[in-house]
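Engineer: Can you read through this structure? Questions will come right after.
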Amino acid sequence: MSNLSLALRFAFPLLAWGVVFHDAIEGMVSVWLQSKTYEHSFLILPISLWLVWRKREQIKVTLLGSAWIPVVFLIVPALLWMVGNAAGVALFEHIAVVTSLQLMLWALLGTPLTKLLFFPIFYLIFCIPFGEELVPYLQLVTADITVFALHLTNIPVYREGLYLTIPNGMFEVAEACSGIRFLISSLALGTLFAYLSFSKWWKILAFVGFSFIFPIIANGIRAYGIILVGYLSDMKYATGADHLIYGWVFFTLVIGVIFFVADKFADPLPDQPSASETLVARNETALRPYMVTLTLVVILSILFVWTRTLHVQANPTLSPVSLPEKAISGYQTAWGVAFPEALTVSRGVLPEGRAEYFSARYAINQANGELISSINRFYDPERWAPSERTAVSLSPATAPAFDATMITLLNPRGQSKKILYWYCIEQFCSTNPLKLKLFKAQKLLTDGEGKGDVFALSSTSLDDEQLEQLAIEWINQYRQGVR
């Protein structure tokens with residue numbers, strides 16, 4: 001096979017892959033740029049290429065082949081991307097982008113070469129921005145470890161949700177204190193160290209597990225250390241810039257420990273196989289590589305055509321959600337709820353201000369903005385922190401029961417607020433983001449249009465049962481309106 005035909009064999013499917021997934025690739029890179037949690041992702045591709053370069057001598061004596069099995073498997077990321085694209089689930093799209101590339105490389109290189117380059121290809125998985133879903137759980141674990149350590153050292157502490165109060169100050173275990181930045185980076189580096197240091201699979205898996213668990217425990221110790229410094233210095237240190245410096249020192253120590261453990265228990269380097277021992281591709285017809293390439297291009301072309309069938313409206317016109325009759329509409333709430341790209345917004349308040357209403361409406365096929373998005377919020381995180389989040393079953397008379405979410409918020413002054421919220425896409429209501437996005441995808445693929453709404457009630461004086469009753473009255477009115 002000439003160099004030109006070989007280049008074309010790889011160029012056409014990779015170009016088609018780039019054209020089909022360019023929006024998702026751009027979105028993935030935007031996450032890398034905007035979030036410090038994923039800055040390390042810029043290094044993943046160079047590291048994978050370096051790992052390939054290390055095997056250059058073995059690559060020279062391994063024949064290039066092709067494989068049909070990954071072409072068949074390509075249907076899985078293709079379907080995942082279709083669902084993610086229709087539902088607006090960025091994680092699905094990003095997984096599909098990377099796994100489709102990995103399968104294409106397998107198909108174009110052949111099974112023997114793919115076995116040889118398994119880890120460099122697998123390592124591309126860390127290009128996917130994942131893990132943000134763990135932040136609330138990591139905050140709780142960090143708070144648990146911190147309180148446990150404070151009790152061990154006889155430092156008085158009062159915990160209320162994510163707020164930790166000691167005699168001379170108050171600390172909040174905020175999202176930035178969850179350790180997610182260090183966790184994802186440590187996991188990526190730990191996986192790389194495991195591959196370079198160990199030859200036994202059980203050691204590799206054990207070390208990857210260690211690279212995941214150790215940063216979580218260490219982050220709890222870091223949080224304890226910051227509070228301890230604040231306690232001993234009467235809050236003179238461990239705040240502001242000191243806080244950030246301690247974080248970077250901690251990250252350096254964590255990476256150092258991971259590297260030390262990998263080096264300490266590393267297996268002896270295996271002997272490089274000779275040419276006679278190296279895997280060689282089995283015989284295949286001259287047309288097979290070209291047929292595999294053509295099939296990949298056809299599959300990607302079908303996906304490209306499919307994306308053009310989704311109907312997106314730039315500025316659909318929708319009427320706002322109606323508030324309950326007893327609510328005074330037009331009230332400008334100050335509790336920090338914000339859905340900035342909604343097409344319509346409804347605000348109201350009960351007489352005497354006992355509870356506030358908020359609703360925002362989106363078209364499921366609008367060009368900009370989504371019902372469930374990271375830019376939307378139910379409270380101002382600069383003023384409030386969640387103390388408790390519970391599922392609440394609402395049973396309206398006009399429809400089956402569904403789960404809403406009740407958040408109890410606290411601020412540094414000790415004040416509390418309750419927020420009860422839920423989402424509805426047409427008559428399907430829930431607070432489960434995945435279920436809602438999948439229902440949105442189904443609605444978009446079958447009907448091509450529809451509307452989605454968010455409902456929220458807030459109060460500093462009503463109890464849970466009173467808020468739930470207000471919610472049921474509101475949802476009954478809403479259900480009657482969308483019939």
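Letters A, B, ... mark the chains of the structure tokens in the order given; residue numbers begin at 1 per chain; ligand numbers begin at 1, in order shown.
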Residues at most 7 Å from range 64-77 of chain A, counting only C-alpha atoms, excluding those fewer than 6 positions away in the same chain, as a count of residues only?
Structural biologist: 16
Engineer: Going by DSSP on the backbone, which residues of range 29-223 of chain A come out as strand (DSSP E)? List them as an MDAnalysis selection string.
Structural biologist: chainID A and resid 158:160 163:166 169:172
Engineer: Emit the selected residues as a PDB file, in the first residue's frame, including C-alpha atoms.
Structural biologist:
```pdb
ATOM      1  CA  TYR A 158     -20.785  22.767  65.348  1.00  0.00           C
ATOM      2  CA  ARG A 159     -21.879  21.459  61.970  1.00  0.00           C
ATOM      3  CA  GLU A 160     -24.972  22.614  60.125  1.00  0.00           C
ATOM      4  CA  TYR A 163     -21.122  25.089  57.482  1.00  0.00           C
ATOM      5  CA  LEU A 164     -18.576  24.268  60.205  1.00  0.00           C
ATOM      6  CA  THR A 165     -18.414  26.652  63.159  1.00  0.00           C
ATOM      7  CA  ILE A 166     -15.502  26.690  65.596  1.00  0.00           C
ATOM      8  CA  GLY A 169     -14.843  31.494  63.138  1.00  0.00           C
ATOM      9  CA  MET A 170     -17.047  29.812  60.559  1.00  0.00           C
ATOM     10  CA  PHE A 171     -16.017  27.787  57.488  1.00  0.00           C
ATOM     11  CA  GLU A 172     -18.068  26.571  54.539  1.00  0.00           C
TER      12      GLU A 172
END
```
Engineer: Name the residues of range 426-483 of chain A that fall into alpha helix (DSSP H) according to DSSP on the backbone, using the chain letters and numbers of this document, as a ChimeraX atom specification.
Structural biologist: /A:433-446,464-482
Engineer: Using only C-alpha atoms, which residues sit within 8 Å of Tyr357 in chain A once same-chain residues fewer than 5 positions away are excluded, as a PyMOL selection string?
Structural biologist: chain A and resi 323+327+346-349+455-458
Engineer: Kindly export the residues of the current selection with N, CA and C atoms, as a PDB file, in the first residue's frame.
Structural biologist:
```pdb
ATOM      1  N   LEU A 323     -49.593  31.752  37.190  1.00  0.00           N
ATOM      2  CA  LEU A 323     -49.412  31.607  38.631  1.00  0.00           C
ATOM      3  C   LEU A 323     -50.753  31.298  39.284  1.00  0.00           C
ATOM      4  N   ALA A 327     -51.818  34.281  44.151  1.00  0.00           N
ATOM      5  CA  ALA A 327     -50.487  34.882  44.113  1.00  0.00           C
ATOM      6  C   ALA A 327     -50.537  36.267  43.477  1.00  0.00           C
ATOM      7  N   SER A 346     -42.259  33.883  35.034  1.00  0.00           N
ATOM      8  CA  SER A 346     -43.385  34.304  35.865  1.00  0.00           C
ATOM      9  C   SER A 346     -42.918  34.375  37.319  1.00  0.00           C
ATOM     10  N   ARG A 347     -43.236  35.478  37.993  1.00  0.00           N
ATOM     11  CA  ARG A 347     -42.864  35.662  39.395  1.00  0.00           C
ATOM     12  C   ARG A 347     -44.085  36.118  40.175  1.00  0.00           C
ATOM     13  N   GLY A 348     -44.176  35.668  41.411  1.00  0.00           N
ATOM     14  CA  GLY A 348     -45.296  36.085  42.242  1.00  0.00           C
ATOM     15  C   GLY A 348     -45.004  35.838  43.708  1.00  0.00           C
ATOM     16  N   VAL A 349     -45.909  36.358  44.553  1.00  0.00           N
ATOM     17  CA  VAL A 349     -45.729  36.208  45.994  1.00  0.00           C
ATOM     18  C   VAL A 349     -47.096  36.080  46.650  1.00  0.00           C
ATOM     19  N   PHE A 455     -40.588  24.993  37.930  1.00  0.00           N
ATOM     20  CA  PHE A 455     -41.427  25.576  38.970  1.00  0.00           C
ATOM     21  C   PHE A 455     -40.620  25.621  40.262  1.00  0.00           C
ATOM     22  N   ALA A 456     -40.718  26.702  41.004  1.00  0.00           N
ATOM     23  CA  ALA A 456     -40.011  26.800  42.278  1.00  0.00           C
ATOM     24  C   ALA A 456     -40.821  27.641  43.253  1.00  0.00           C
ATOM     25  N   LEU A 457     -40.871  27.174  44.489  1.00  0.00           N
ATOM     26  CA  LEU A 457     -41.486  27.927  45.587  1.00  0.00           C
ATOM     27  C   LEU A 457     -40.424  28.133  46.657  1.00  0.00           C
ATOM     28  N   SER A 458     -40.440  29.313  47.275  1.00  0.00           N
ATOM     29  CA  SER A 458     -39.458  29.629  48.303  1.00  0.00           C
ATOM     30  C   SER A 458     -40.147  30.259  49.503  1.00  0.00           C
TER      31      SER A 458
END
```
Engineer: Quick one: residues within 12 Å of Asn85 in chain A, only C-alpha atoms counted, chain neighbours fewer than 3 positions away excluded, as a PyMOL selection string?
Structural biologist: chain A and resi 20-21+23-24+27+77-82+88-97+303-304+306-310+365+437-438+440-442+444-445
Engineer: Quick one: pull the distance between CA of Leu420 in chain A and CA of Val345 in chain A, Å, one decimal.
Structural biologist: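 A separation of 17.2 Å between them.
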Engineer: I want to know what sits within 7 Å of Asp380 in chain A, based on only C-alpha atoms, with residues of the same chain fewer than 5 positions away left out; could you give that as a count of residues only?
Structural biologist: 3
Engineer: When you look at Ile364 in chain A with a cut-off of 8 Å (counting only C-alpha atoms), what residues show up, excluding the ones that are within fewer than 4 positions of it in the same chain? I need them as a list in words.
Structural biologist: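 Neighbouring residues, sequence-local ones excluded: Glu370, Leu371, Lys440, Leu444, Glu449, Gly450, Lys451 and Gly452 of chain A.
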Engineer: Store the residues of this selection in a file with N, CA, C and O atoms, as a PDB file, in the first residue's frame.
Structural biologist:
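Okay, this is what ended up in result-v9.pdb:
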```pdb
ATOM      1  N   GLU A 370     -31.264  26.148  27.764  1.00  0.00           N
ATOM      2  CA  GLU A 370     -31.863  24.859  28.078  1.00  0.00           C
ATOM      3  C   GLU A 370     -32.550  24.928  29.430  1.00  0.00           C
ATOM      4  O   GLU A 370     -32.137  25.681  30.320  1.00  0.00           O
ATOM      5  N   LEU A 371     -33.574  24.096  29.579  1.00  0.00           N
ATOM      6  CA  LEU A 371     -34.297  24.023  30.837  1.00  0.00           C
ATOM      7  C   LEU A 371     -33.376  23.577  31.966  1.00  0.00           C
ATOM      8  O   LEU A 371     -33.398  24.128  33.069  1.00  0.00           O
ATOM      9  N   LYS A 440     -37.167  14.655  26.770  1.00  0.00           N
ATOM     10  CA  LYS A 440     -37.024  15.744  25.809  1.00  0.00           C
ATOM     11  C   LYS A 440     -36.565  15.207  24.459  1.00  0.00           C
ATOM     12  O   LYS A 440     -37.086  15.611  23.404  1.00  0.00           O
ATOM     13  N   LEU A 444     -38.593  15.493  21.035  1.00  0.00           N
ATOM     14  CA  LEU A 444     -38.016  16.202  19.900  1.00  0.00           C
ATOM     15  C   LEU A 444     -37.950  15.318  18.667  1.00  0.00           C
ATOM     16  O   LEU A 444     -38.206  15.768  17.540  1.00  0.00           O
ATOM     17  N   GLU A 449     -41.161  19.418  18.475  1.00  0.00           N
ATOM     18  CA  GLU A 449     -41.325  20.628  19.266  1.00  0.00           C
ATOM     19  C   GLU A 449     -41.989  20.291  20.586  1.00  0.00           C
ATOM     20  O   GLU A 449     -42.480  19.182  20.797  1.00  0.00           O
ATOM     21  N   GLY A 450     -42.035  21.262  21.460  1.00  0.00           N
ATOM     22  CA  GLY A 450     -42.640  21.090  22.784  1.00  0.00           C
ATOM     23  C   GLY A 450     -42.099  22.158  23.710  1.00  0.00           C
ATOM     24  O   GLY A 450     -41.241  22.959  23.344  1.00  0.00           O
ATOM     25  N   LYS A 451     -42.607  22.191  24.923  1.00  0.00           N
ATOM     26  CA  LYS A 451     -42.168  23.195  25.891  1.00  0.00           C
ATOM     27  C   LYS A 451     -41.799  22.526  27.203  1.00  0.00           C
ATOM     28  O   LYS A 451     -42.299  21.464  27.564  1.00  0.00           O
ATOM     29  N   GLY A 452     -40.873  23.169  27.914  1.00  0.00           N
ATOM     30  CA  GLY A 452     -40.445  22.695  29.215  1.00  0.00           C
ATOM     31  C   GLY A 452     -40.494  23.824  30.222  1.00  0.00           C
ATOM     32  O   GLY A 452     -40.182  24.969  29.906  1.00  0.00           O
TER      33      GLY A 452
END
```
Engineer: How many Å lie between CA of Ser461 in chain A and CA of Asn376 in chain A, rounded to one decimal?
Structural biologist: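 We find that CA of Ser461 in chain A and CA of Asn376 in chain A lie 24.9 Å from each other.
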Engineer: Quick one: of A:Ala397, A:Ile328, A:Val254, A:Ala266, who's nearest to Ile204 in chain A, counting only C-alpha atoms?
Structural biologist: A:Ala266
Engineer: Find, counting only C-alpha atoms, the residue in A:Ile227, A:Met235, A:Ile47, A:Ala194 that gets nearest to Phe260 in chain A.
Structural biologist: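 The closest residue to Phe260 in chain A is A:Ala194.
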Engineer: Skip Glu341 in chain A itself and residues of its chain fewer than 4 positions away, then list as number ranges by chain all residues within 12 Å of it, counting only C-alpha atoms.
Structural biologist: A: 315, 345, 360-363, 366-377
Engineer: Take the residues from that selection and put them in a file with all heavy atoms, as a compact mmCIF listing (two decimals), in the first residue's frame.
Structural biologist:
```
# COMPACT_ATOMS: atom_id res chain seq x y z
N ASN A 315 -36.35 31.84 17.75
CA ASN A 315 -37.11 32.57 18.76
C ASN A 315 -38.58 32.13 18.76
O ASN A 315 -39.46 32.88 18.33
CB ASN A 315 -37.03 34.08 18.49
CG ASN A 315 -35.63 34.63 18.63
OD1 ASN A 315 -35.05 34.58 19.70
ND2 ASN A 315 -35.09 35.13 17.53
N VAL A 345 -40.79 34.27 31.85
CA VAL A 345 -40.58 34.11 33.29
C VAL A 345 -41.81 34.63 34.03
O VAL A 345 -42.35 35.69 33.67
CB VAL A 345 -39.32 34.87 33.77
CG1 VAL A 345 -39.24 34.88 35.30
CG2 VAL A 345 -38.06 34.25 33.19
N ALA A 360 -40.18 29.44 34.88
CA ALA A 360 -39.56 29.85 33.62
C ALA A 360 -39.91 28.83 32.56
O ALA A 360 -40.01 27.62 32.85
CB ALA A 360 -38.05 29.98 33.77
N ARG A 361 -40.10 29.27 31.34
CA ARG A 361 -40.53 28.39 30.25
C ARG A 361 -39.52 28.42 29.10
O ARG A 361 -39.03 29.48 28.72
CB ARG A 361 -41.92 28.78 29.74
CG ARG A 361 -42.40 28.04 28.51
CD ARG A 361 -43.92 28.15 28.37
NE ARG A 361 -44.60 27.29 29.34
CZ ARG A 361 -45.93 27.16 29.43
NH1 ARG A 361 -46.71 27.89 28.64
NH2 ARG A 361 -46.48 26.36 30.32
N TYR A 362 -39.24 27.24 28.57
CA TYR A 362 -38.33 27.06 27.44
C TYR A 362 -39.03 26.26 26.36
O TYR A 362 -39.92 25.45 26.65
CB TYR A 362 -37.08 26.28 27.85
CG TYR A 362 -36.16 26.99 28.81
CD1 TYR A 362 -36.47 27.09 30.16
CD2 TYR A 362 -34.96 27.54 28.37
CE1 TYR A 362 -35.62 27.73 31.05
CE2 TYR A 362 -34.09 28.19 29.25
CZ TYR A 362 -34.44 28.28 30.58
OH TYR A 362 -33.60 28.90 31.45
N ALA A 363 -38.63 26.47 25.12
CA ALA A 363 -39.00 25.56 24.03
C ALA A 363 -37.91 24.49 23.96
O ALA A 363 -36.73 24.79 24.08
CB ALA A 363 -39.11 26.30 22.71
N GLN A 366 -35.46 25.37 21.12
CA GLN A 366 -34.95 26.73 20.92
C GLN A 366 -33.45 26.69 20.71
O GLN A 366 -32.74 25.79 21.18
CB GLN A 366 -35.32 27.61 22.11
CG GLN A 366 -34.61 27.30 23.42
CD GLN A 366 -35.14 28.18 24.56
OE1 GLN A 366 -36.30 28.09 24.94
NE2 GLN A 366 -34.26 29.03 25.09
N ALA A 367 -32.95 27.68 19.99
CA ALA A 367 -31.54 27.67 19.58
C ALA A 367 -30.60 27.85 20.75
O ALA A 367 -29.56 27.20 20.83
CB ALA A 367 -31.31 28.77 18.54
N ASN A 368 -30.94 28.75 21.68
CA ASN A 368 -30.05 29.02 22.81
C ASN A 368 -30.80 28.82 24.12
O ASN A 368 -31.95 29.24 24.26
CB ASN A 368 -29.52 30.46 22.74
CG ASN A 368 -28.70 30.72 21.49
OD1 ASN A 368 -27.77 29.98 21.19
ND2 ASN A 368 -29.06 31.76 20.75
N GLY A 369 -30.12 28.21 25.07
CA GLY A 369 -30.71 28.03 26.38
C GLY A 369 -31.37 26.68 26.55
O GLY A 369 -31.97 26.14 25.61
N GLU A 370 -31.26 26.15 27.76
CA GLU A 370 -31.86 24.86 28.08
C GLU A 370 -32.55 24.93 29.43
O GLU A 370 -32.14 25.68 30.32
CB GLU A 370 -30.79 23.76 28.12
CG GLU A 370 -30.26 23.34 26.78
CD GLU A 370 -29.40 22.09 26.90
OE1 GLU A 370 -29.96 21.01 27.13
OE2 GLU A 370 -28.17 22.22 26.78
N LEU A 371 -33.57 24.10 29.58
CA LEU A 371 -34.30 24.02 30.84
C LEU A 371 -33.38 23.58 31.97
O LEU A 371 -33.40 24.13 33.07
CB LEU A 371 -35.47 23.05 30.70
CG LEU A 371 -36.34 22.81 31.94
CD1 LEU A 371 -37.05 24.10 32.34
CD2 LEU A 371 -37.34 21.69 31.67
N ILE A 372 -32.56 22.56 31.70
CA ILE A 372 -31.62 22.05 32.70
C ILE A 372 -30.22 22.38 32.22
O ILE A 372 -29.73 21.81 31.25
CB ILE A 372 -31.79 20.53 32.90
CG1 ILE A 372 -33.23 20.23 33.33
CG2 ILE A 372 -30.80 20.01 33.93
CD1 ILE A 372 -33.53 18.76 33.45
N SER A 373 -29.58 23.31 32.90
CA SER A 373 -28.27 23.79 32.47
C SER A 373 -27.48 24.25 33.69
O SER A 373 -28.06 24.68 34.71
CB SER A 373 -28.41 24.93 31.47
OG SER A 373 -27.18 25.55 31.21
N SER A 374 -26.17 24.21 33.59
CA SER A 374 -25.31 24.63 34.69
C SER A 374 -25.39 26.13 34.96
O SER A 374 -25.01 26.59 36.05
CB SER A 374 -23.86 24.23 34.40
OG SER A 374 -23.40 24.83 33.21
N ILE A 375 -25.86 26.91 33.99
CA ILE A 375 -25.94 28.35 34.21
C ILE A 375 -27.20 28.74 34.96
O ILE A 375 -27.33 29.87 35.43
CB ILE A 375 -25.86 29.14 32.89
CG1 ILE A 375 -27.12 28.90 32.03
CG2 ILE A 375 -24.61 28.81 32.11
CD1 ILE A 375 -27.18 29.80 30.81
N ASN A 376 -28.16 27.82 35.08
CA ASN A 376 -29.39 28.08 35.83
C ASN A 376 -29.15 27.82 37.32
O ASN A 376 -28.35 26.97 37.69
CB ASN A 376 -30.52 27.19 35.33
CG ASN A 376 -30.81 27.40 33.85
OD1 ASN A 376 -30.56 28.47 33.31
ND2 ASN A 376 -31.34 26.38 33.20
N ARG A 377 -29.87 28.53 38.16
CA ARG A 377 -29.69 28.34 39.60
C ARG A 377 -30.99 28.65 40.34
O ARG A 377 -31.81 29.44 39.88
CB ARG A 377 -28.56 29.23 40.12
CG ARG A 377 -28.91 30.72 40.11
CD ARG A 377 -27.73 31.59 40.50
NE ARG A 377 -28.16 32.96 40.75
CZ ARG A 377 -27.36 34.00 40.80
NH1 ARG A 377 -26.06 33.83 40.62
NH2 ARG A 377 -27.83 35.21 41.06
```
Engineer: Counting only C-alpha atoms, which of A:Arg383, A:Trp422, A:Phe378, A:Val261 gets nearest to Pro340 in chain A?
Structural biologist: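 Comparing A:Arg383, A:Trp422, A:Phe378, A:Val261 against Pro340 in chain A, the winner is A:Phe378.
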Engineer: Let me make sure I understand: among A:Gln477, A:Asn168, A:Met406, A:Leu101, which one has the smallest atom-to-atom distance to Pro13 in chain A if we use only C-alpha atoms?
Structural biologist: A:Leu101
